[in-house]
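First comes the structure, then the notes that go with it.
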Amino acid sequence: MGYYSYMINLDGVQSFAEGGNRKCYINPTNPKRCLKVLHENILQNLQKNSAWYKHLGNSDGLDDNLREEKAYKQKAIKYPINSSIWDHLAKWYGMVETNLGPASETELITNDGEIAETLEAYLFREGLTPEIKTALSTFESWLRTHQVLTKNIIPHNVVIKKENGPLTLKIIDGLGSKSFIPLPKYSKFFARIYVDRRIDLMWSRIHWDLSGRIGNWK
Ligand SMILES: Nc1ncnc2c1ncn2[C@@H]1O[C@H](COP(=O)(O)OP(=O)(O)O)[C@@H](O)[C@H]1O
Ligand SMILES: [Mg+2]
């Protein structure tokens with residue numbers, strides 16, 4: 001928490017979206033930012049089990065806000081090779097207190113004032129258009145250039161920014177590394193293998209989504 005943090009009241013504020021773990025709100029004190037609060041039951045379970053939760057080394061596996069906070073501190077983002085690190089990543093503003101519990105505060109991705117659509121929604125409606133293929137290939141080279149460590153890249157965790165012309169993909173969830181073995185964090189060699197694998201699986205997930213989700217995607 002920051003030194004001059006204060007509690008944000010989310011009473012009467014409607015969430016604009018929900019994932020499996022968190023509810024998303026437009027920050028009532030700054031409409032350009034998104035606040036994500038863990039679902040009530042998740043928070044309660046974490047608090048109920050706080051004794052072992054705190055002692056568990058990989059507690060970020062349970063708390064998506066903790067996972068994300070750590071993930072934004074990864075080398076690729078903390079020491080970026082250049083400012084293009086933010087081209088495909090919602091900015092991170094840290095944790096803030098709300099009356100619904102701690103929230104992660106990030107850049108809200110919008111297009112002309114509307115909340116940006118997910119890659120998943122786009123693919124279901126439009127399919128693999130030439131524009132989205134171009135956007136995906138730009139996104140891919142960005143991942144390889146910066147070696148950003150992500151969990152599996154799922155189309156509902158990526159949104160589309162339309163910047164006069166080309167479509168730009170932005171990761172809004174799923175940063176961090178998946179493996180229990182932290183090798184990709186410390187070794188360029190393993191990071192490359194890890195990132196290549198995430199890209200392969202991203203494509204396999206996209207094709208699986210588009211095929212009507214038949215069989216297994218991994
Ligand atoms: N920064 C953002 N800008 C625009 N939309 C967002 C943003 N963050 C989340 N969303 C929307 O909210 C949904 C759920 O958010 P997400 O962070 O994926 O929650 P969860 O951790 O529960 O999966 C996303 O699928 C997306 O539609
Ligand atoms: Mg999500």
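Identifiers in the structure tokens: chain A, B, ... in order shown; residue index from 1 per chain; ligand index from 1 in order shown.
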
### Task
Within 10 Å of ligand 1, which residues show up when you count only C-alpha atoms and all ligand atoms? List them as number ranges by chain, please.
A: 15-26, 32-39, 63-65, 67-68, 89-92, 104-111, 114-121, 154-161, 170-174

Dump of C-alpha atoms for the selected residues, as a PDB file, in the first residue's frame:
ATOM      1  CA  SER A  15     -18.543  -4.458 -11.918  1.00  0.00           C
ATOM      2  CA  PHE A  16     -18.033  -4.284 -15.686  1.00  0.00           C
ATOM      3  CA  ALA A  17     -16.666  -7.804 -16.011  1.00  0.00           C
ATOM      4  CA  GLU A  18     -15.810 -10.875 -13.975  1.00  0.00           C
ATOM      5  CA  GLY A  19     -13.286 -13.610 -14.456  1.00  0.00           C
ATOM      6  CA  GLY A  20     -13.055 -16.877 -12.565  1.00  0.00           C
ATOM      7  CA  ASN A  21     -11.160 -15.192  -9.743  1.00  0.00           C
ATOM      8  CA  ARG A  22     -11.816 -11.474  -9.739  1.00  0.00           C
ATOM      9  CA  LYS A  23     -14.456  -8.820 -10.278  1.00  0.00           C
ATOM     10  CA  CYS A  24     -13.434  -5.789 -12.346  1.00  0.00           C
ATOM     11  CA  TYR A  25     -14.562  -2.241 -11.623  1.00  0.00           C
ATOM     12  CA  ILE A  26     -13.858   1.122 -13.179  1.00  0.00           C
ATOM     13  CA  LYS A  32      -8.920   5.431 -16.700  1.00  0.00           C
ATOM     14  CA  ARG A  33      -8.050   2.707 -14.242  1.00  0.00           C
ATOM     15  CA  CYS A  34      -9.401  -0.742 -13.510  1.00  0.00           C
ATOM     16  CA  LEU A  35      -9.753  -2.196  -9.999  1.00  0.00           C
ATOM     17  CA  LYS A  36      -9.792  -5.956  -9.539  1.00  0.00           C
ATOM     18  CA  VAL A  37     -11.072  -7.475  -6.331  1.00  0.00           C
ATOM     19  CA  LEU A  38     -11.038 -11.176  -5.517  1.00  0.00           C
ATOM     20  CA  HIS A  39     -14.458 -12.819  -5.499  1.00  0.00           C
ATOM     21  CA  ASP A  63      -4.488 -15.127  -4.854  1.00  0.00           C
ATOM     22  CA  ASP A  64      -4.497 -13.715  -8.364  1.00  0.00           C
ATOM     23  CA  ASN A  65      -3.774 -10.214  -7.124  1.00  0.00           C
ATOM     24  CA  ARG A  67       0.418 -13.403  -8.325  1.00  0.00           C
ATOM     25  CA  GLU A  68      -0.010 -10.361 -10.529  1.00  0.00           C
ATOM     26  CA  LEU A  89       0.649  -4.860 -21.401  1.00  0.00           C
ATOM     27  CA  ALA A  90      -1.887  -3.016 -19.262  1.00  0.00           C
ATOM     28  CA  LYS A  91       0.068  -0.698 -16.966  1.00  0.00           C
ATOM     29  CA  TRP A  92       0.258  -1.651 -13.314  1.00  0.00           C
ATOM     30  CA  SER A 104      -5.036  -4.463  -8.008  1.00  0.00           C
ATOM     31  CA  GLU A 105      -5.112  -1.238  -9.962  1.00  0.00           C
ATOM     32  CA  THR A 106      -4.251  -1.354 -13.658  1.00  0.00           C
ATOM     33  CA  GLU A 107      -4.731   0.652 -16.800  1.00  0.00           C
ATOM     34  CA  LEU A 108      -8.290   0.253 -18.109  1.00  0.00           C
ATOM     35  CA  ILE A 109      -8.068  -0.557 -21.813  1.00  0.00           C
ATOM     36  CA  THR A 110     -10.762   1.294 -23.780  1.00  0.00           C
ATOM     37  CA  ASN A 111     -11.640   2.241 -27.353  1.00  0.00           C
ATOM     38  CA  GLU A 114     -15.890   1.740 -24.456  1.00  0.00           C
ATOM     39  CA  ILE A 115     -14.169  -1.040 -22.540  1.00  0.00           C
ATOM     40  CA  ALA A 116     -12.022  -2.994 -24.959  1.00  0.00           C
ATOM     41  CA  GLU A 117     -13.259  -6.312 -26.253  1.00  0.00           C
ATOM     42  CA  THR A 118     -11.409  -9.539 -25.417  1.00  0.00           C
ATOM     43  CA  LEU A 119      -9.529 -11.451 -28.094  1.00  0.00           C
ATOM     44  CA  GLU A 120     -11.874 -14.347 -27.347  1.00  0.00           C
ATOM     45  CA  ALA A 121     -15.028 -12.331 -28.118  1.00  0.00           C
ATOM     46  CA  ILE A 154      -5.834 -17.516 -23.045  1.00  0.00           C
ATOM     47  CA  PRO A 155      -7.856 -15.300 -25.439  1.00  0.00           C
ATOM     48  CA  HIS A 156     -10.110 -14.005 -22.642  1.00  0.00           C
ATOM     49  CA  ASN A 157      -7.073 -12.616 -20.839  1.00  0.00           C
ATOM     50  CA  VAL A 158      -6.070 -10.449 -23.797  1.00  0.00           C
ATOM     51  CA  VAL A 159      -8.030  -7.416 -25.016  1.00  0.00           C
ATOM     52  CA  ILE A 160      -7.931  -5.504 -28.281  1.00  0.00           C
ATOM     53  CA  LYS A 161      -7.021  -1.846 -28.508  1.00  0.00           C
ATOM     54  CA  LYS A 170      -2.906  -6.138 -24.595  1.00  0.00           C
ATOM     55  CA  ILE A 171      -2.410  -8.661 -21.804  1.00  0.00           C
ATOM     56  CA  ILE A 172      -4.776  -7.836 -18.932  1.00  0.00           C
ATOM     57  CA  ASP A 173      -4.390 -11.053 -16.933  1.00  0.00           C
ATOM     58  CA  GLY A 174      -2.142 -14.083 -16.753  1.00  0.00           C
TER      59      GLY A 174
END

### Query
Where does DSSP see helix (DSSP H, G or I) in chain A, if you list the residues as a count of residues only?
89

### Task
as JSON, numbers by chain, list the residues of stretch 16-143 of chain A assigned to strand (DSSP E) by DSSP on the backbone atoms of this structure.
{"A": [17, 18, 22, 23, 24, 25, 26, 33, 34, 35, 36, 37, 38, 92, 93, 94, 95, 96, 97, 98, 101, 102, 103, 104, 105, 106, 107, 110, 111, 114, 115, 117, 118]}

Put those residues in a file: N, CA and C atoms, as a compact mmCIF listing (two decimals), in the first residue's frame.
# COMPACT_ATOMS: atom_id res chain seq x y z
N ALA A 17 -16.98 -6.45 -15.54
CA ALA A 17 -16.67 -7.80 -16.01
C ALA A 17 -16.23 -8.65 -14.82
N GLU A 18 -16.28 -9.95 -15.01
CA GLU A 18 -15.81 -10.88 -13.98
C GLU A 18 -15.05 -11.99 -14.63
N ARG A 22 -11.69 -12.87 -10.18
CA ARG A 22 -11.82 -11.47 -9.74
C ARG A 22 -12.98 -10.76 -10.41
N LYS A 23 -13.46 -9.72 -9.70
CA LYS A 23 -14.46 -8.82 -10.28
C LYS A 23 -13.73 -7.54 -10.68
N CYS A 24 -14.11 -6.98 -11.84
CA CYS A 24 -13.43 -5.79 -12.35
C CYS A 24 -14.35 -4.58 -12.28
N TYR A 25 -13.82 -3.49 -11.75
CA TYR A 25 -14.56 -2.24 -11.62
C TYR A 25 -13.79 -1.12 -12.29
N ILE A 26 -14.52 -0.12 -12.78
CA ILE A 26 -13.86 1.12 -13.18
C ILE A 26 -13.61 1.88 -11.88
N ARG A 33 -8.66 3.85 -14.90
CA ARG A 33 -8.05 2.71 -14.24
C ARG A 33 -9.07 1.65 -13.83
N CYS A 34 -8.58 0.43 -13.82
CA CYS A 34 -9.40 -0.74 -13.51
C CYS A 34 -9.02 -1.24 -12.11
N LEU A 35 -10.01 -1.60 -11.31
CA LEU A 35 -9.75 -2.20 -10.00
C LEU A 35 -10.24 -3.63 -10.01
N LYS A 36 -9.40 -4.55 -9.57
CA LYS A 36 -9.79 -5.96 -9.54
C LYS A 36 -9.77 -6.46 -8.10
N VAL A 37 -10.91 -6.98 -7.69
CA VAL A 37 -11.07 -7.48 -6.33
C VAL A 37 -11.37 -8.96 -6.40
N LEU A 38 -10.76 -9.73 -5.52
CA LEU A 38 -11.04 -11.18 -5.52
C LEU A 38 -12.51 -11.41 -5.21
N TRP A 92 0.53 -1.20 -14.69
CA TRP A 92 0.26 -1.65 -13.31
C TRP A 92 0.49 -0.49 -12.34
N TYR A 93 -0.50 -0.22 -11.49
CA TYR A 93 -0.36 0.89 -10.54
C TYR A 93 -0.27 0.43 -9.09
N GLY A 94 -0.22 -0.88 -8.87
CA GLY A 94 -0.06 -1.36 -7.50
C GLY A 94 -1.37 -1.77 -6.86
N MET A 95 -1.30 -2.06 -5.55
CA MET A 95 -2.48 -2.49 -4.82
C MET A 95 -3.09 -1.30 -4.09
N VAL A 96 -4.42 -1.24 -4.08
CA VAL A 96 -5.12 -0.20 -3.31
C VAL A 96 -6.18 -0.87 -2.44
N GLU A 97 -6.56 -0.18 -1.35
CA GLU A 97 -7.60 -0.70 -0.46
C GLU A 97 -8.98 -0.30 -0.97
N THR A 98 -9.91 -1.23 -0.97
CA THR A 98 -11.31 -0.88 -1.22
C THR A 98 -12.13 -1.50 -0.09
N GLY A 101 -12.15 -5.22 -0.14
CA GLY A 101 -10.87 -5.91 0.01
C GLY A 101 -9.82 -5.27 -0.88
N PRO A 102 -8.59 -5.81 -0.80
CA PRO A 102 -7.51 -5.23 -1.60
C PRO A 102 -7.79 -5.40 -3.10
N ALA A 103 -7.43 -4.37 -3.86
CA ALA A 103 -7.65 -4.42 -5.30
C ALA A 103 -6.34 -4.17 -6.03
N SER A 104 -6.17 -4.82 -7.16
CA SER A 104 -5.04 -4.46 -8.01
C SER A 104 -5.53 -3.39 -8.96
N GLU A 105 -4.72 -2.37 -9.12
CA GLU A 105 -5.11 -1.24 -9.96
C GLU A 105 -4.28 -1.25 -11.24
N THR A 106 -4.96 -1.33 -12.37
CA THR A 106 -4.25 -1.35 -13.66
C THR A 106 -4.90 -0.38 -14.63
N GLU A 107 -4.21 -0.19 -15.72
CA GLU A 107 -4.73 0.65 -16.80
C GLU A 107 -6.00 0.00 -17.36
N THR A 110 -9.50 0.86 -23.17
CA THR A 110 -10.76 1.29 -23.78
C THR A 110 -10.53 1.68 -25.24
N ASN A 111 -11.64 1.72 -25.98
CA ASN A 111 -11.64 2.24 -27.35
C ASN A 111 -12.78 3.24 -27.45
N GLU A 114 -15.30 3.06 -24.73
CA GLU A 114 -15.89 1.74 -24.46
C GLU A 114 -14.80 0.81 -23.96
N ILE A 115 -15.14 -0.06 -23.02
CA ILE A 115 -14.17 -1.04 -22.54
C ILE A 115 -13.80 -1.99 -23.68
N GLU A 117 -12.75 -4.95 -26.10
CA GLU A 117 -13.26 -6.31 -26.25
C GLU A 117 -12.12 -7.31 -26.04
N THR A 118 -12.46 -8.51 -25.56
CA THR A 118 -11.41 -9.54 -25.42
C THR A 118 -11.10 -10.15 -26.78

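Coordinates place atom CA of A:Glu163 at a distance of 21.7 Å from atom CA of A:Thr145.
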
Spatial neighbours of A:Gln147, max dist 12 Å, only C-alpha atoms, sep filter under 5 positions, as a compact mmCIF listing (two decimals) with C-alpha atoms, in the first residue's frame:
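Output saved as selection34.txt:
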# COMPACT_ATOMS: atom_id res chain seq x y z
CA GLN A 74 9.67 -9.75 -13.27
CA LYS A 75 12.97 -8.84 -14.92
CA ALA A 76 11.51 -8.16 -18.39
CA ILE A 77 9.24 -5.46 -16.93
CA TYR A 79 14.47 -3.74 -16.37
CA PRO A 80 12.94 -3.44 -19.84
CA ILE A 81 15.23 -3.28 -22.83
CA ILE A 85 7.55 -3.23 -23.00
CA PHE A 139 2.28 -9.63 -30.22
CA GLU A 140 4.34 -12.78 -30.72
CA SER A 141 7.48 -10.89 -31.68
CA TRP A 142 7.01 -8.59 -28.70
CA LEU A 175 1.27 -12.54 -16.25
CA GLY A 176 3.78 -14.57 -14.28
CA SER A 177 5.30 -17.94 -14.78
CA PRO A 184 12.91 -19.41 -16.75
CA LYS A 185 13.16 -16.58 -14.18
CA TYR A 186 16.90 -16.95 -13.87
CA SER A 187 18.08 -18.35 -17.16
CA LYS A 188 17.79 -16.76 -20.59
CA PHE A 189 18.05 -20.17 -22.14
CA PHE A 190 15.11 -21.59 -20.20
CA ALA A 191 13.12 -18.36 -20.59
CA ARG A 192 13.31 -18.74 -24.36
CA ILE A 193 12.09 -22.33 -24.24
CA TYR A 194 9.34 -21.29 -21.84
CA VAL A 195 8.15 -18.32 -23.93
CA ASP A 196 8.25 -20.36 -27.17
CA ARG A 197 6.07 -22.95 -25.48
CA ARG A 198 3.54 -20.28 -24.32
CA ILE A 199 3.31 -19.01 -27.91

### Task
Find the residues near A:Thr138: any atom within 10 Å, counting only C-alpha atoms, skip ones fewer than 6 places away on the same chain, and give them as a PyMOL selection string.
chain A and resi 88+132+167-169

### Task
Determine, counting only C-alpha atoms, which protein, DNA and RNA residues have an atom within 9 Å of an atom of A:Trp217; residues of the same chain fewer than 3 positions away are not included. Present the result as a PyMOL selection string.
chain A and resi 201+204-209+213-214

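Using only C-alpha atoms and all ligand atoms, the nearest neighbour of ligand 2 within the list A:Arg125, A:Lys78, A:Ile153, A:Arg144 is A:Ile153.
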
### Task
In Å, rounded to a single decimal, give me how far atom CA of A:Trp86 is from atom CA of A:Glu126.
26.3 Å

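Going from atom CA of A:Ile42 over to atom 1 (Mg, counted along the ligand's line) of ligand 2, you cover 14.6 Å.
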
### Message
When you count only C-alpha atoms and all ligand atoms, which of these residues is closest to ligand 2: A:Thr129, A:Asn152, A:Asn164, A:Asn27?
### Response
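Closest to ligand 2 of all the choices is A:Asn152.
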
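Among the candidates A:Trp203, A:Asn41, A:Lys151, A:Lys162, the residue lying nearest to ligand 2 is A:Lys151 (atoms considered: only C-alpha atoms and all ligand atoms).
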